[in-house]
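Chemist: Here it is, the structure in full.
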Amino acid sequence: MFLTLTIITFILSSCGESKKEEVKKEVIETKEVKIEEPTTGYSLFAQGEKLFNDKTCISCHQLNTKIVGPSIKKIASIYEEKNGNLMDFLEGKSEPIVDSDPGQVAIMKANLDGFVKDLSVDQLKALENYILNAK
Ligand code: HEC
């Protein structure tokens, strides 16, 4: 009699434990999905905006006002008007079409040769998307 009781208790408690484990698994799975969100959820535009800040483009290019370089909106409107290829410019494959003053061109060229050339194609695409769509 006592043995039967122990066995039943054992079965009951082990049942309980396996349920607990299932619950634990579910919690872990939900957590994993949440962790992935920030990287997969970012739009190309948002990645570009972040890069534009992180890579110091913003120190010379403001949204509306010309500081050292032309404003982002100016760049976007000229590229749209002249049907320019911004990717080509960032990859050093085409000549500047926004400002062709040699002194100005040299400043931007120093960036292209200095660090823009080390950015990945995906990063450049994100920057392009941000510049052309910033409002
Ligand atoms: C030290 C200042 C400086 C920084 C930093 C800088 N730029 Fe520029 N940029 C300029 C100047 C000056 C021009 C104007 C000359 C020209 O148009 O090439 C320019 C022009 C441009 C143009 C227009 C090119 C054209 O067709 O005339 C684009 C696009 C551009 N920059 C993108 C960027 C991006 C993206 C970054 C960051 C990765 C960046 N710039 C960082 C100074 C800067």
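Every chain in the structure tokens takes a letter, A first, then B, and so on in the order presented; its residues are numbered from 1, and the ligands are numbered from 1 following the presented order.
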Can you build me a table of chain A residues sitting at most 7 Å from ligand 1, with the closest atom pair per residue and its distance in Å to one decimal, using only C-alpha atoms and all ligand atoms, sorted by chain and residue number, as CSV?
Modeler:
residue,atom,partner,partner_atom_place_in_ligand_line,distance
A:Phe52,CA,ligand 1,37 (C),5.8
A:Lys55,CA,ligand 1,38 (C),5.4
A:Thr56,CA,ligand 1,5 (C),5.3
A:Cys57,CA,ligand 1,37 (C),3.4
A:Ile58,CA,ligand 1,5 (C),6.9
A:Ser59,CA,ligand 1,5 (C),5.8
A:Cys60,CA,ligand 1,2 (C),4.4
A:His61,CA,ligand 1,7 (N),6.4
A:Val68,CA,ligand 1,12 (C),5.3
A:Gly69,CA,ligand 1,11 (C),3.7
A:Pro70,CA,ligand 1,14 (C),5.9
A:Ile75,CA,ligand 1,23 (C),5.7
A:Leu86,CA,ligand 1,29 (C),6.1
A:Phe89,CA,ligand 1,26 (O),6.3
A:Leu90,CA,ligand 1,29 (C),6.6
A:Glu95,CA,ligand 1,26 (O),6.5
A:Pro96,CA,ligand 1,26 (O),3.3
A:Ile97,CA,ligand 1,26 (O),3.9
A:Val98,CA,ligand 1,27 (O),3.4
A:Asp99,CA,ligand 1,17 (O),3.9
A:Ser100,CA,ligand 1,17 (O),5.9
A:Asp101,CA,ligand 1,15 (C),6.9
A:Gln104,CA,ligand 1,12 (C),4.2
A:Val105,CA,ligand 1,15 (C),3.9
A:Ile107,CA,ligand 1,12 (C),5.1
A:Met108,CA,ligand 1,10 (C),4.2
A:Lys109,CA,ligand 1,18 (O),6.7
A:Asn111,CA,ligand 1,41 (C),6.1
A:Val116,CA,ligand 1,38 (C),5.6
A:Leu127,CA,ligand 1,35 (C),5.9
Chemist: Excluding A:Gln123 and residues on its chain fewer than 5 positions from it, collect all residues at most 8 Å away from it, counting only C-alpha atoms, and give them as an MDAnalysis selection string.
Modeler: chainID A and resid 47:48 51
Chemist: Rank nothing, just name the residue among A:Lys73, A:Lys50, A:Glu91, A:Leu44 nearest to A:Asp118, using only C-alpha atoms.
Modeler: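 Selected residue with least distance to A:Asp118: A:Glu91.
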Chemist: Would you mind reading off the distance between atom CA of A:Ser71 and atom CA of A:Ala134, one decimal, in Å?
Modeler: 10.7 Å
Chemist: Taking only C-alpha atoms into account, name the residue in A:Lys82, A:Leu132, A:Lys125, A:Ala106 that is nearest to A:Leu63.
Modeler: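 Among the listed residues, the smallest separation from A:Leu63 belongs to A:Leu132.
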